[in-house]
Structure formats: C-alpha cells, structure tokens
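**Q** Next up, data14.txt (compact mmCIF, C-alpha atoms).
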# COMPACT_ATOMS: atom_id res chain seq x y z
CA MET W 1411 65.11 -11.36 -21.97
CA PRO W 1412 63.69 -11.88 -18.48
CA THR W 1413 64.48 -15.20 -16.83
CA ILE W 1414 61.38 -17.24 -16.03
CA ALA W 1415 61.08 -19.75 -13.20
CA ILE W 1416 58.29 -22.29 -13.41
CA ILE W 1417 57.18 -23.53 -10.00
CA GLY W 1418 55.78 -27.01 -10.48
CA GLY W 1419 57.94 -27.12 -13.57
CA SER W 1420 58.30 -30.89 -13.65
CA GLY W 1421 54.57 -31.39 -14.33
CA PRO W 1422 53.31 -31.64 -17.93
CA GLU W 1423 51.79 -28.12 -18.05
CA GLY W 1424 54.87 -26.55 -16.47
CA ARG W 1425 57.24 -28.39 -18.80
CA GLY W 1426 55.09 -27.48 -21.80
CA LEU W 1427 55.11 -23.77 -20.98
CA GLY W 1428 58.84 -23.93 -20.16
CA LEU W 1429 59.56 -25.48 -23.55
CA ARG W 1430 57.65 -22.80 -25.42
CA PHE W 1431 59.14 -19.89 -23.42
CA ALA W 1432 62.66 -21.27 -23.87
CA ILE W 1433 62.15 -21.72 -27.62
CA ALA W 1434 61.11 -18.04 -27.67
CA GLY W 1435 64.50 -17.23 -26.13
CA HIS W 1436 63.64 -16.78 -22.45
CA PRO W 1437 66.07 -18.39 -19.99
CA VAL W 1438 63.80 -20.88 -18.17
CA ILE W 1439 64.39 -22.57 -14.80
CA LEU W 1440 62.08 -25.50 -14.17
CA GLY W 1441 61.43 -25.66 -10.44
CA SER W 1442 60.50 -28.75 -8.46
CA ARG W 1443 60.46 -29.81 -4.81
CA ASP W 1444 63.10 -32.32 -5.86
CA ALA W 1445 66.33 -31.08 -7.50
CA GLN W 1446 66.88 -34.37 -9.32
CA ARG W 1447 63.36 -34.28 -10.83
CA ALA W 1448 63.89 -30.69 -11.91
CA ARG W 1449 67.14 -31.57 -13.71
CA GLU W 1450 65.49 -34.56 -15.39
CA ALA W 1451 62.61 -32.34 -16.56
CA ALA W 1452 65.09 -29.87 -18.06
CA ASP W 1453 66.99 -32.70 -19.77
CA GLY W 1454 63.66 -33.92 -21.17
CA LEU W 1455 63.04 -30.54 -22.80
CA LEU W 1456 66.58 -30.44 -24.20
CA ALA W 1457 65.90 -33.84 -25.75
CA ILE W 1458 62.83 -32.36 -27.49
CA HIS W 1459 64.62 -29.19 -28.60
CA ALA W 1460 68.42 -29.13 -28.26
CA GLY W 1461 70.19 -25.96 -27.22
CA ILE W 1462 67.31 -24.08 -25.60
CA PRO W 1463 68.17 -22.07 -22.42
CA VAL W 1464 66.53 -24.39 -19.87
CA SER W 1465 67.78 -25.71 -16.54
CA GLY W 1466 66.29 -27.26 -13.40
CA ALA W 1467 66.47 -26.28 -9.72
CA MET W 1468 64.64 -26.57 -6.41
CA ASN W 1469 61.51 -24.38 -6.42
CA ALA W 1470 62.90 -21.80 -3.97
CA ASP W 1471 66.19 -21.56 -5.82
CA ALA W 1472 64.41 -21.21 -9.17
CA ALA W 1473 62.13 -18.48 -7.81
CA SER W 1474 64.93 -16.46 -6.28
CA ARG W 1475 67.03 -16.53 -9.47
CA ALA W 1476 64.19 -15.56 -11.83
CA ASP W 1477 62.76 -12.20 -12.94
CA TRP W 1478 59.29 -13.59 -13.51
CA VAL W 1479 57.76 -16.61 -11.77
CA VAL W 1480 55.07 -18.88 -13.20
CA LEU W 1481 52.96 -20.88 -10.72
CA SER W 1482 51.94 -24.19 -12.23
CA VAL W 1483 50.94 -26.24 -9.20
CA PRO W 1484 47.69 -28.01 -8.24
CA TYR W 1485 45.20 -25.73 -6.51
CA GLU W 1486 45.37 -27.81 -3.31
CA GLY W 1487 49.04 -26.99 -2.87
CA LEU W 1488 48.86 -23.35 -3.94
CA ARG W 1489 48.53 -21.63 -0.57
CA SER W 1490 51.43 -23.48 1.09
CA THR W 1491 53.67 -23.21 -1.98
CA VAL W 1492 53.12 -19.46 -2.26
CA THR W 1493 53.57 -18.91 1.47
CA ASP W 1494 56.86 -20.83 1.43
CA LEU W 1495 58.21 -18.94 -1.58
CA ALA W 1496 56.92 -15.47 -0.59
CA PRO W 1497 60.36 -13.99 0.25
CA SER W 1498 61.68 -14.89 -3.24
CA LEU W 1499 58.58 -13.54 -4.99
CA ALA W 1500 58.46 -10.03 -3.51
CA GLY W 1501 58.74 -7.34 -6.17
CA LYS W 1502 58.39 -9.83 -9.03
CA MET W 1503 55.70 -10.55 -11.56
CA VAL W 1504 54.00 -13.82 -10.63
CA ILE W 1505 51.91 -15.54 -13.31
CA SER W 1506 49.30 -17.97 -12.00
CA VAL W 1507 48.32 -20.83 -14.31
CA VAL W 1508 46.40 -22.52 -11.50
CA ALA W 1509 42.84 -23.68 -12.16
CA PRO W 1510 40.77 -24.54 -9.09
CA ILE W 1511 39.20 -27.83 -10.17
CA ASN W 1512 37.91 -30.75 -8.15
CA PHE W 1513 38.06 -34.23 -9.67
CA THR W 1514 36.79 -36.19 -6.67
CA ASP W 1515 33.71 -37.66 -8.40
CA GLY W 1516 35.62 -38.34 -11.61
CA ASN W 1517 34.13 -35.26 -13.31
CA PRO W 1518 35.91 -31.93 -13.36
CA ARG W 1519 33.99 -29.39 -11.29
CA PRO W 1520 35.01 -25.83 -10.52
CA VAL W 1521 36.01 -25.22 -6.90
CA LEU W 1522 34.80 -21.97 -5.35
CA VAL W 1523 37.79 -20.02 -4.02
CA PRO W 1524 36.78 -17.70 -1.15
CA GLU W 1525 39.15 -15.00 -2.47
CA GLY W 1526 37.43 -15.12 -5.90
CA SER W 1527 40.05 -17.00 -7.91
CA ALA W 1528 43.33 -18.82 -7.48
CA ALA W 1529 45.09 -15.72 -8.82
CA ALA W 1530 43.30 -13.42 -6.37
CA LEU W 1531 44.23 -15.77 -3.52
CA THR W 1532 47.85 -15.60 -4.68
CA GLN W 1533 47.74 -11.80 -4.89
CA SER W 1534 46.33 -11.64 -1.35
CA LEU W 1535 49.26 -13.76 -0.11
CA LEU W 1536 51.83 -11.70 -2.06
CA PRO W 1537 51.00 -8.02 -1.56
CA GLU W 1538 54.46 -7.02 -2.82
CA SER W 1539 54.22 -9.01 -6.05
CA LYS W 1540 52.31 -8.24 -9.24
CA VAL W 1541 50.12 -11.25 -9.86
CA THR W 1542 48.58 -12.07 -13.22
CA SER W 1543 46.43 -14.99 -14.30
CA ALA W 1544 47.07 -16.52 -17.74
CA PHE W 1545 47.91 -19.58 -19.86
CA HIS W 1546 44.84 -21.50 -18.80
CA ASN W 1547 43.16 -23.65 -21.40
CA LEU W 1548 46.33 -24.81 -23.14
CA SER W 1549 46.90 -28.51 -23.67
CA ALA W 1550 50.11 -29.79 -22.10
CA ARG W 1551 50.35 -32.40 -24.84
CA GLU W 1552 50.26 -29.76 -27.56
CA LEU W 1553 52.63 -27.47 -25.66
CA LEU W 1554 55.16 -30.29 -25.55
CA LYS W 1555 55.14 -30.72 -29.33
CA PRO W 1556 57.05 -27.67 -30.51
CA ASP W 1557 55.87 -28.02 -34.12
CA GLU W 1558 52.21 -28.06 -33.10
CA MET W 1559 50.38 -24.78 -33.77
CA LEU W 1560 48.60 -23.56 -30.65
CA HIS W 1561 45.09 -22.24 -31.06
CA GLY W 1562 42.96 -20.05 -28.87
CA ASP W 1563 43.62 -16.89 -26.93
CA ILE W 1564 45.52 -16.23 -23.72
CA ILE W 1565 43.19 -14.08 -21.64
CA VAL W 1566 45.29 -12.20 -19.09
CA ASN W 1567 43.95 -10.79 -15.82
CA GLY W 1568 45.76 -8.78 -13.20
CA ASP W 1569 45.30 -5.65 -11.14
CA ASP W 1570 48.56 -4.09 -12.36
CA ARG W 1571 48.24 -2.94 -15.96
CA ASP W 1572 51.96 -3.13 -16.76
CA ALA W 1573 52.17 -6.70 -15.49
CA ARG W 1574 49.10 -7.56 -17.57
CA LEU W 1575 50.71 -6.14 -20.70
CA ALA W 1576 54.01 -7.90 -19.98
CA THR W 1577 52.14 -11.20 -19.61
CA MET W 1578 50.31 -10.56 -22.89
CA ARG W 1579 53.65 -9.94 -24.60
CA LEU W 1580 55.04 -13.16 -23.10
CA ALA W 1581 52.04 -15.01 -24.57
CA GLU W 1582 52.80 -13.52 -27.95
CA ASP W 1583 56.44 -14.58 -27.70
CA VAL W 1584 54.96 -18.06 -28.20
CA LYS W 1585 54.27 -18.59 -31.90
CA SER W 1586 50.60 -18.39 -32.89
CA LEU W 1587 49.28 -17.34 -29.46
CA ARG W 1588 47.48 -14.05 -28.89
CA GLY W 1589 47.27 -12.23 -25.56
CA VAL W 1590 43.93 -10.63 -24.68
CA ASP W 1591 43.57 -7.98 -21.97
CA GLY W 1592 40.95 -9.42 -19.61
CA GLY W 1593 41.19 -6.67 -17.00
CA PRO W 1594 41.51 -6.93 -13.23
CA LEU W 1595 41.74 -10.07 -11.11
CA ALA W 1596 38.00 -9.73 -10.42
CA ASN W 1597 37.55 -11.10 -13.94
CA ALA W 1598 39.95 -14.03 -13.46
CA ARG W 1599 37.48 -16.46 -11.90
CA CYS W 1600 35.57 -17.17 -15.10
CA VAL W 1601 38.75 -17.72 -17.07
CA GLU W 1602 40.08 -20.16 -14.48
CA GLU W 1603 36.72 -21.95 -14.32
CA PHE W 1604 36.52 -22.16 -18.09
CA THR W 1605 39.23 -24.82 -17.80
CA SER W 1606 36.79 -27.19 -16.18
CA LEU W 1607 34.12 -26.37 -18.81
CA LEU W 1608 36.63 -27.16 -21.57
CA LEU W 1609 37.55 -30.45 -19.89
CA TYR W 1610 33.84 -31.34 -19.93
CA ILE W 1611 33.59 -30.37 -23.61
CA ASN W 1612 36.73 -32.38 -24.46
CA ARG W 1613 35.22 -35.49 -22.89
CA THR W 1614 31.81 -35.01 -24.45
CA TYR W 1615 32.99 -34.21 -27.97
CA LYS W 1616 36.16 -36.36 -27.77
CA LYS W 1617 38.17 -33.42 -29.10
CA ARG W 1618 40.69 -30.96 -27.72
CA SER W 1619 38.93 -27.61 -27.37
CA THR W 1620 40.09 -24.12 -26.58
CA VAL W 1621 38.66 -20.61 -26.42
CA LYS W 1622 38.89 -17.71 -28.85
CA ILE W 1623 37.57 -14.19 -28.42
CA LEU W 1624 35.96 -13.11 -31.69
CA GLY W 1625 35.48 -9.52 -32.79
CA ILE W 1626 38.75 -8.03 -31.52
CA MET H 454 7.02 -25.51 -33.02
CA PRO H 455 7.03 -24.85 -29.27
CA THR H 456 5.69 -21.47 -28.16
CA ILE H 457 8.30 -19.40 -26.32
CA ALA H 458 7.54 -16.77 -23.68
CA ILE H 459 10.23 -14.23 -22.91
CA ILE H 460 10.00 -12.86 -19.39
CA GLY H 461 11.48 -9.40 -19.44
CA GLY H 462 10.65 -9.41 -23.13
CA SER H 463 10.38 -5.65 -23.47
CA GLY H 464 14.09 -5.15 -22.72
CA PRO H 465 16.61 -5.04 -25.58
CA GLU H 466 18.04 -8.53 -25.00
CA GLY H 467 14.57 -10.07 -24.64
CA ARG H 468 13.26 -8.34 -27.76
CA GLY H 469 16.37 -9.33 -29.69
CA LEU H 470 16.02 -13.01 -28.80
CA GLY H 471 12.25 -12.85 -29.44
CA LEU H 472 12.88 -11.43 -32.90
CA ARG H 473 15.33 -14.18 -33.82
CA PHE H 474 13.17 -17.01 -32.43
CA ALA H 475 10.06 -15.66 -34.22
CA ILE H 476 11.97 -15.35 -37.52
CA ALA H 477 12.93 -19.01 -37.03
CA GLY H 478 9.20 -19.80 -36.86
CA HIS H 479 8.62 -20.09 -33.10
CA PRO H 480 5.45 -18.41 -31.80
CA VAL H 481 6.88 -15.86 -29.35
CA ILE H 482 5.09 -14.04 -26.52
CA LEU H 483 7.03 -11.07 -25.18
CA GLY H 484 6.22 -10.76 -21.48
CA SER H 485 6.36 -7.60 -19.41
CA ARG H 486 5.08 -6.40 -16.06
CA ASP H 487 3.03 -3.95 -18.10
CA ALA H 488 0.63 -5.25 -20.79
CA GLN H 489 0.84 -2.05 -22.81
CA ARG H 490 4.66 -2.16 -22.88
CA ALA H 491 4.54 -5.81 -23.95
CA ARG H 492 2.21 -5.00 -26.86
CA GLU H 493 4.40 -2.08 -27.91
CA ALA H 494 7.50 -4.32 -27.83
CA ALA H 495 5.73 -6.87 -30.05
CA ASP H 496 4.63 -4.12 -32.45
CA GLY H 497 8.24 -2.92 -32.56
CA LEU H 498 9.41 -6.36 -33.70
CA LEU H 499 6.64 -6.54 -36.32
CA ALA H 500 7.88 -3.20 -37.63
CA ILE H 501 11.36 -4.71 -38.02
CA HIS H 502 10.10 -7.93 -39.63
CA ALA H 503 6.45 -8.00 -40.72
CA GLY H 504 4.39 -11.14 -40.32
CA ILE H 505 6.44 -12.95 -37.65
CA PRO H 506 4.45 -14.84 -34.98
CA VAL H 507 5.02 -12.43 -32.08
CA SER H 508 2.63 -10.99 -29.51
CA GLY H 509 2.85 -9.32 -26.10
CA ALA H 510 1.31 -10.16 -22.74
CA MET H 511 1.76 -9.71 -18.99
CA ASN H 512 4.65 -11.90 -17.74
CA ALA H 513 2.41 -14.39 -15.90
CA ASP H 514 0.06 -14.71 -18.85
CA ALA H 515 2.96 -15.19 -21.26
CA ALA H 516 4.54 -17.84 -19.03
CA SER H 517 1.34 -19.84 -18.61
CA ARG H 518 0.60 -19.91 -22.35
CA ALA H 519 4.12 -20.94 -23.43
CA ASP H 520 5.82 -24.31 -23.81
CA TRP H 521 9.27 -22.91 -23.08
CA VAL H 522 10.06 -19.85 -21.00
CA VAL H 523 13.11 -17.62 -21.40
CA LEU H 524 14.14 -15.51 -18.39
CA SER H 525 15.69 -12.24 -19.53
CA VAL H 526 15.50 -10.09 -16.42
CA PRO H 527 18.15 -8.26 -14.38
CA TYR H 528 19.80 -10.46 -11.75
CA GLU H 529 18.48 -8.26 -8.92
CA GLY H 530 14.88 -9.10 -9.86
CA LEU H 531 15.44 -12.76 -10.66
CA ARG H 532 14.45 -14.35 -7.33
CA SER H 533 11.18 -12.45 -6.98
CA THR H 534 10.23 -12.86 -10.65
CA VAL H 535 10.82 -16.60 -10.56
CA THR H 536 8.99 -17.02 -7.25
CA ASP H 537 5.97 -15.12 -8.59
CA LEU H 538 5.85 -17.14 -11.81
CA ALA H 539 6.65 -20.55 -10.30
CA PRO H 540 3.13 -22.03 -10.76
CA SER H 541 3.22 -21.27 -14.51
CA LEU H 542 6.74 -22.66 -14.92
CA ALA H 543 6.28 -26.11 -13.37
CA GLY H 544 6.97 -28.90 -15.84
CA LYS H 545 8.39 -26.53 -18.44
CA MET H 546 11.83 -25.88 -19.81
CA VAL H 547 13.09 -22.57 -18.43
CA ILE H 548 16.05 -20.95 -20.19
CA SER H 549 18.00 -18.45 -18.09
CA VAL H 550 19.78 -15.66 -19.96
CA VAL H 551 20.53 -13.87 -16.69
CA ALA H 552 24.08 -12.70 -16.02
CA PRO H 553 24.87 -11.72 -12.42
CA ILE H 554 26.73 -8.46 -12.96
CA ASN H 555 27.21 -5.45 -10.70
CA PHE H 556 27.67 -2.03 -12.29
CA THR H 557 27.74 0.03 -9.10
CA ASP H 558 31.25 1.47 -9.58
CA GLY H 559 30.67 2.02 -13.30
CA ASN H 560 32.66 -1.08 -14.25
CA PRO H 561 31.00 -4.43 -14.83
CA ARG H 562 32.01 -6.88 -12.09
CA PRO H 563 30.74 -10.43 -11.64
CA VAL H 564 28.45 -10.92 -8.65
CA LEU H 565 28.97 -14.10 -6.65
CA VAL H 566 25.69 -16.02 -6.47
CA PRO H 567 25.54 -18.23 -3.35
CA GLU H 568 23.79 -21.00 -5.36
CA GLY H 569 26.69 -20.98 -7.86
CA SER H 570 25.03 -19.21 -10.80
CA ALA H 571 21.83 -17.39 -11.71
CA ALA H 572 20.68 -20.55 -13.48
CA ALA H 573 21.41 -22.75 -10.46
CA LEU H 574 19.50 -20.30 -8.24
CA THR H 575 16.58 -20.53 -10.68
CA GLN H 576 16.71 -24.33 -10.68
CA SER H 577 16.70 -24.36 -6.87
CA LEU H 578 13.53 -22.21 -6.89
CA LEU H 579 11.88 -24.35 -9.59
CA PRO H 580 12.43 -28.00 -8.69
CA GLU H 581 9.68 -29.07 -11.12
CA SER H 582 11.13 -27.20 -14.11
CA LYS H 583 14.08 -28.08 -16.31
CA VAL H 584 16.37 -25.08 -16.16
CA THR H 585 19.06 -24.38 -18.73
CA SER H 586 21.50 -21.48 -19.04
CA ALA H 587 22.18 -20.10 -22.52
CA PHE H 588 22.24 -17.14 -24.91
CA HIS H 589 24.70 -15.15 -22.83
CA ASN H 590 27.24 -13.06 -24.69
CA LEU H 591 24.98 -11.99 -27.56
CA SER H 592 24.69 -8.32 -28.39
CA ALA H 593 21.10 -7.02 -28.18
CA ARG H 594 21.93 -4.51 -30.90
CA GLU H 595 23.02 -7.24 -33.30
CA LEU H 596 20.09 -9.48 -32.35
CA LEU H 597 17.72 -6.68 -33.29
CA LYS H 598 19.18 -6.37 -36.81
CA PRO H 599 17.82 -9.48 -38.51
CA ASP H 600 20.27 -9.26 -41.41
CA GLU H 601 23.28 -9.15 -39.10
CA MET H 602 25.20 -12.43 -38.90
CA LEU H 603 25.67 -13.54 -35.31
CA HIS H 604 29.07 -14.84 -34.32
CA GLY H 605 30.20 -16.93 -31.42
CA ASP H 606 28.84 -20.04 -29.75
CA ILE H 607 25.88 -20.60 -27.48
CA ILE H 608 27.24 -22.65 -24.59
CA VAL H 609 24.33 -24.46 -22.95
CA ASN H 610 24.33 -25.72 -19.37
CA GLY H 611 21.65 -27.65 -17.54
CA ASP H 612 21.29 -30.70 -15.34
CA ASP H 613 18.70 -32.31 -17.65
CA ARG H 614 20.34 -33.60 -20.81
CA ASP H 615 17.20 -33.47 -22.97
CA ALA H 616 16.56 -29.85 -21.98
CA ARG H 617 20.19 -29.05 -22.79
CA LEU H 618 19.87 -30.61 -26.24
CA ALA H 619 16.54 -28.82 -26.88
CA THR H 620 18.16 -25.51 -25.96
CA MET H 621 21.09 -26.26 -28.28
CA ARG H 622 18.62 -26.96 -31.11
CA LEU H 623 16.81 -23.70 -30.34
CA ALA H 624 20.14 -21.87 -30.66
CA GLU H 625 20.70 -23.52 -34.03
CA ASP H 626 17.22 -22.45 -35.19
CA VAL H 627 18.81 -18.99 -35.23
CA LYS H 628 20.85 -18.59 -38.42
CA SER H 629 24.63 -18.78 -37.96
CA LEU H 630 24.56 -19.71 -34.25
CA ARG H 631 25.99 -22.97 -32.92
CA GLY H 632 24.91 -24.67 -29.69
CA VAL H 633 27.67 -26.21 -27.57
CA ASP H 634 26.97 -28.77 -24.83
CA GLY H 635 28.50 -27.21 -21.71
CA GLY H 636 27.27 -29.87 -19.28
CA PRO H 637 25.60 -29.47 -15.90
CA LEU H 638 24.61 -26.26 -14.14
CA ALA H 639 27.80 -26.55 -12.08
CA ASN H 640 29.55 -25.31 -15.24
CA ALA H 641 27.17 -22.37 -15.79
CA ARG H 642 28.88 -19.87 -13.52
CA CYS H 643 31.87 -19.27 -15.78
CA VAL H 644 29.66 -18.81 -18.83
CA GLU H 645 27.48 -16.28 -17.00
CA GLU H 646 30.55 -14.46 -15.67
CA PHE H 647 32.14 -14.39 -19.09
CA THR H 648 29.54 -11.75 -19.94
CA SER H 649 31.21 -9.29 -17.61
CA LEU H 650 34.66 -10.19 -19.01
CA LEU H 651 33.39 -9.52 -22.54
CA LEU H 652 31.92 -6.18 -21.44
CA TYR H 653 35.38 -5.26 -20.12
CA ILE H 654 36.99 -6.38 -23.40
CA ASN H 655 34.42 -4.41 -25.44
CA ARG H 656 35.25 -1.24 -23.53
CA THR H 657 38.99 -1.75 -23.68
CA TYR H 658 39.22 -2.69 -27.36
CA LYS H 659 36.22 -0.56 -28.45
CA LYS H 660 34.84 -3.55 -30.32
CA ARG H 661 31.97 -5.98 -29.88
CA SER H 662 33.44 -9.29 -28.78
CA THR H 663 32.05 -12.77 -28.37
CA VAL H 664 33.28 -16.25 -27.55
CA LYS H 665 33.96 -19.24 -29.78
CA ILE H 666 35.01 -22.73 -28.76
CA LEU H 667 37.70 -23.92 -31.14
CA GLY H 668 38.52 -27.55 -31.84
CA ILE H 669 35.02 -29.02 -31.87
Take the structure from the file and write it as structure tokens.
**A**
Amino acid sequence: MPTIAIIGGSGPEGRGLGLRFAIAGHPVILGSRDAQRAREAADGLLAIHAGIPVSGAMNADAASRADWVVLSVPYEGLRSTVTDLAPSLAGKMVISVVAPINFTDGNPRPVLVPEGSAAALTQSLLPESKVTSAFHNLSARELLKPDEMLHGDIIVNGDDRDARLATMRLAEDVKSLRGVDGGPLANARCVEEFTSLLLYINRTYKKRSTVKILGI
Amino acid sequence: MPTIAIIGGSGPEGRGLGLRFAIAGHPVILGSRDAQRAREAADGLLAIHAGIPVSGAMNADAASRADWVVLSVPYEGLRSTVTDLAPSLAGKMVISVVAPINFTDGNPRPVLVPEGSAAALTQSLLPESKVTSAFHNLSARELLKPDEMLHGDIIVNGDDRDARLATMRLAEDVKSLRGVDGGPLANARCVEEFTSLLLYINRTYKKRSTVKILGI
C-alpha cells in the first residue's frame, strides 16, 4: 500500500486522517516542523490504536519518504510550506486538505484565493505534482475516535483523473466514507469554502454537520 | 400569504418554483420581459395543476405588485435586470436563485463574481432591499412535476436574519424541502458555486444529484 506523509501531521486534522489511513493499512508518516512533536503525535495515535503503521518525522523527511503527501496546514502557511517542500513533492500525488478560512472577527469567513482555491494555488506551485483536493468537512474529533462512524461524502477535485480516482479510493479505504468525483480543480473552491459554511451551521445549530450528495 | 413575483418566470427554473409556491398557496406572478410569454407560462402551470393562484405579467409589473420577489435570471443579465427593477424592489425581500456559471467551453465552470456572489452583487445594487440567496440545486424538471418528491436541502444565506428565516419558511412551504440557515451573504458563494459542481456530478454519474446537510 502506498506510504502517506501528512504535512502538518501533528495538528488534530492531520492526526485524525493519519489514524484512519493507518488503520486502513497505509504506512503513515506524520510530519511536523519539529521532529520531537512528530514522534509524540505518532505515539499518541499508537496509544489510541496499538500496532498501526505510523511514525513521525520532520516535514521534509516525511515528504521525501512517502508515495503520496497530504497537506494539512493552515492556509496562511500553505505557500511557504509547499515552496520549501517542492523538491520532495515532484512526481507525487499531493492531497490538499487546506480550507482558506479567516477567523479574524471570531466568525469563520471564506478567504478568496487569487488562484481560485488552496488546491489550485498548490497545483500552480507544483507543476510536476498531481494535486487533488479532498477530506474537507471531516471533524478532527470524530476522526480521532476510531470507533466513530464517519458520515458525509469526500468530494474529490483534481485536474488529473487518475489522481482523482486514487484519492477517491483512499477515501473509501476509510470505513463508511464515500469518494465522489467532483471534477477539475476549478470546482474545488466551493468544496473548500463549504468548510466555513459548515462551521457556521455547527455554531448555529449546535451540532456537528457534514455534507452528502444525494441521488448518486 | 405573501404574493411572490418571479423575475425570469417564463424559464424552466422560474416556472418550476412558481408552480411549487402556488401549490403551497402563495399567489404567484410569473414575470417576463414579454407579457404574452408570461401569460403563456402561467397558463402552462394551470394546465399542470388547475386552480392554483398563478398569473403572468411584465417583469416590472410583477415586481411592483409582489411582496417578495424571486430573481431567476441568467447571471449575465442580473446586473441590468436588477438595476431596471430597483424602484419596485425597495423595501422588499428579494430572493436570488442566480448561479454564476459559464458554459462557454461546454463544461459548467463557476464564474468569479467580484462582489463575492450573485446574491451579494444584488444586495450591493439594492441597499434598501433584503436580499437572500436560496433554491439553488433544484432540478427544474423535478420542480415541474408536482407529484415528484424533492430531495436535498435549501441552504439560505442573507445578511438580514428575519429575511433568512422567512426564506427558510418559504422553502418549507414546499412539500419535502427543508430550509437550512447558512448565515450571511459572505457564505453564499459556495452554495451558488455548488450548482456547477452538481452539474459536473450529474454528467459524470448520469444521475440527478442534490445536496443534503447531515447532522442537523
């Protein structure tokens, strides 16, 4: 099974995805800017689920050792992170989980990315990688509870069809998730921005919401 | 019950919404640039469902006689339509169903609206109206079959909370639909753009898809 590095893997979303991918059998390397934090994050996942194939490493080391690389970093740091890691990402599938959201006034608001979406920005910085956008709209808290059923669909965007299908299959390696083909990166903006809509809905309804595509 | 004008009411989406609102008991005026076409559209709905409170009129006439006004026009014509009708829309709730989509290369692609969304553009042109964004992602074909159950949620955005709640109630006047509070117009862009994502999904899966918010 392909080895997956998670850049920003010591954050809750990154750890949650890492846990689920590792339970599915993928070797997972949690990346962090700090090697010690990365190892602690991996130990934390082993404490939740003993024996899964997870380890920790510096971001650049994790990226260079992996087949596929998941970007789970705040939007503000995306450009510099991707630029730094570019040599290790060439030729690889890069999955962006980044949602461009601004919290400055306390309320989540979508940030307009000049390139169209965080994933399209990433693709523009990595012409030799196959960038997809996916795994938005999942709750880190639920990801980190391996017995919790996950609801909702993983809408996958990307300009390379094979990478899109591989990302959909990765989604379906996680129990109870469904991958949905969302087409090219031009369609990624609304999926990324839906994250901030769902955060609004969660606050208003005091529930944890997610999105499902009906009729397919 | 408030009288509802539908600007662009002779198009399939406008007729479909008009049919469902009239069945729910709302007096509906289908507006068109052409009085004859508006009357024919109203007659067409009466042929589908006899006795419903529907009539046809020129757009400006429809707008001035209504309590609430639904905008169901192509994005390209939105600015000029709204500017022309502005005097009749002041003080009223205006519901935008407009999705900014470009079909020039044969594939639906979201158009970036400088104001953020078609609804936000409309609000900027109508400072004395209460603009909401809703009723995206419904199939005109299904709307026009009154026995067809509608699936999916109506996510409502708008900066005025009362207008948002009124629009949600209007959605729930239509059998089997649910209104979801999507917050301010800043959140409308992703809902509008989702229309073009769903069109892509419909083509790819050869199905008619819609969106549901799970967990609330």
**Q** I'd like the interatomic distance between atom CA of Leu1456 of chain W and atom CA of Ser1506 of chain W, to a tenth of an Å.
**A** 24.6 Å
**Q** Report as a tab-separated table: every residue of chain H with an atom at most 12 Å from chain W, its closest pair of atoms, and their distance in Å to one decimal, counting all atoms listed in the file, with rows sorted by chain and ascending residue number.
**A**
residue	atom	partner	partner_atom	distance
H:Ile554	CA	W:Asn1597	CA	11.2
H:Asn555	CA	W:Ala1596	CA	11.6
H:Asn560	CA	W:Gly1593	CA	10.6
H:Pro561	CA	W:Asn1597	CA	9.4
H:Arg562	CA	W:Ala1596	CA	6.8
H:Pro563	CA	W:Asn1597	CA	7.2
H:Val564	CA	W:Ala1596	CA	9.8
H:Leu565	CA	W:Gly1526	CA	8.6
H:Val566	CA	W:Leu1522	CA	10.9
H:Pro567	CA	W:Leu1522	CA	10.2
H:Glu568	CA	W:Leu1522	CA	11.1
H:Gly569	CA	W:Leu1522	CA	8.5
H:Ser570	CA	W:Leu1522	CA	11.5
H:Asn590	CA	W:Ile1623	CA	11.0
H:Leu591	CA	W:Leu1624	CA	11.8
H:Ser592	CA	W:Gly1625	CA	11.7
H:Leu603	CA	W:Gly1625	CA	10.9
H:His604	CA	W:Leu1624	CA	7.6
H:Gly605	CA	W:Leu1624	CA	6.9
H:Asp606	CA	W:Leu1624	CA	10.1
H:Ile608	CA	W:Leu1607	CA	9.7
H:Val609	CA	W:Leu1607	CA	10.8
H:Asn610	CA	W:Leu1607	CA	9.8
H:Val633	CA	W:Ile1611	CA	8.2
H:Asp634	CA	W:Ile1611	CA	6.9
H:Gly635	CA	W:Ile1611	CA	6.3
H:Gly636	CA	W:Tyr1610	CA	6.8
H:Pro637	CA	W:Tyr1610	CA	9.4
H:Leu638	CA	W:Arg1519	CA	10.3
H:Ala639	CA	W:Arg1519	CA	6.9
H:Asn640	CA	W:Leu1607	CA	5.9
H:Ala641	CA	W:Leu1607	CA	8.6
H:Arg642	CA	W:Cys1600	CA	7.4
H:Cys643	CA	W:Cys1600	CA	4.3
H:Val644	CA	W:Cys1600	CA	7.2
H:Glu645	CA	W:Cys1600	CA	8.4
H:Glu646	CA	W:Cys1600	CA	5.7
H:Phe647	CA	W:Cys1600	CA	6.0
H:Thr648	CA	W:Cys1600	CA	9.4
H:Ser649	CA	W:Asn1597	CA	7.5
H:Leu650	CA	W:Asn1597	CA	5.9
H:Leu651	CA	W:Gly1592	CA	8.1
H:Leu652	CA	W:Gly1592	CA	9.8
H:Tyr653	CA	W:Gly1593	CA	6.7
H:Ile654	CA	W:Gly1592	CA	6.3
H:Asn655	CA	W:Ile1626	CA	8.3
H:Arg656	CA	W:Gly1593	CA	10.4
H:Thr657	CA	W:Asp1591	CA	7.9
H:Tyr658	CA	W:Ile1626	CA	6.8
H:Lys659	CA	W:Ile1626	CA	8.5
H:Lys660	CA	W:Ile1626	CA	6.1
H:Arg661	CA	W:Gly1625	CA	5.8
H:Ser662	CA	W:Gly1625	CA	4.5
H:Thr663	CA	W:Leu1624	CA	5.1
H:Val664	CA	W:Ile1623	CA	4.8
H:Lys665	CA	W:Lys1622	CA	5.2
H:Ile666	CA	W:Val1621	CA	4.8
H:Leu667	CA	W:Thr1620	CA	5.2
H:Gly668	CA	W:Ser1619	CA	4.5
H:Ile669	CA	W:Lys1617	CA	6.1
**Q** If you measure from atom CA of Ala458 of chain H to atom CA of Arg594 of chain H, what distance in Å do you get, rounded to one decimal?
**A**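 So the two atoms, atom CA of Ala458 of chain H and atom CA of Arg594 of chain H, lie 20.2 Å apart.
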**Q** Counting only C-alpha atoms, which residue out of H:Pro599, H:Gly478, H:Pro527, H:Gly504 sits closest to Phe556 of chain H?
**A**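 Between H:Pro599, H:Gly478, H:Pro527, H:Gly504, the residue approaching Phe556 of chain H most closely is H:Pro527.
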**Q** Just give me the gap between atom CA of Leu618 of chain H and atom CA of Ser463 of chain H in Å, one decimal is fine.
**A**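 Separating atom CA of Leu618 of chain H from atom CA of Ser463 of chain H is a distance of 26.8 Å.
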**Q** Write out as JSON, numbers by chain the residues lying within 9 Å of segment 1582-1585 of chain W, counting all atoms listed in the file and excluding same-chain residues fewer than 2 positions away.
**A** {"W": [1430, 1431, 1433, 1434, 1435, 1559, 1560, 1564, 1577, 1578, 1579, 1580, 1587, 1588, 1589]}
**Q** Using the file's own x, y and z axes, so that the box edges lie along x, y and z, what centre and edge lengths in Å (one decimal) does a box around every listed atom of segment 560-575 of chain H get when 3 Å is added on each side? Give it as lines of an AutoDock Vina configuration file.
**A**
center_x = 24.6
center_y = -11.9
center_z = -9.1
size_x = 22.1
size_y = 27.7
size_z = 17.5
**Q** Which neighbours of Pro580 of chain H fall inside 12 Å, counting all atoms listed in the file, when residues of the same chain fewer than 6 positions from it are skipped, and could you give them as a ChimeraX atom specification?
**A** /H:535-536,539-540,542-547,573-574,612-613
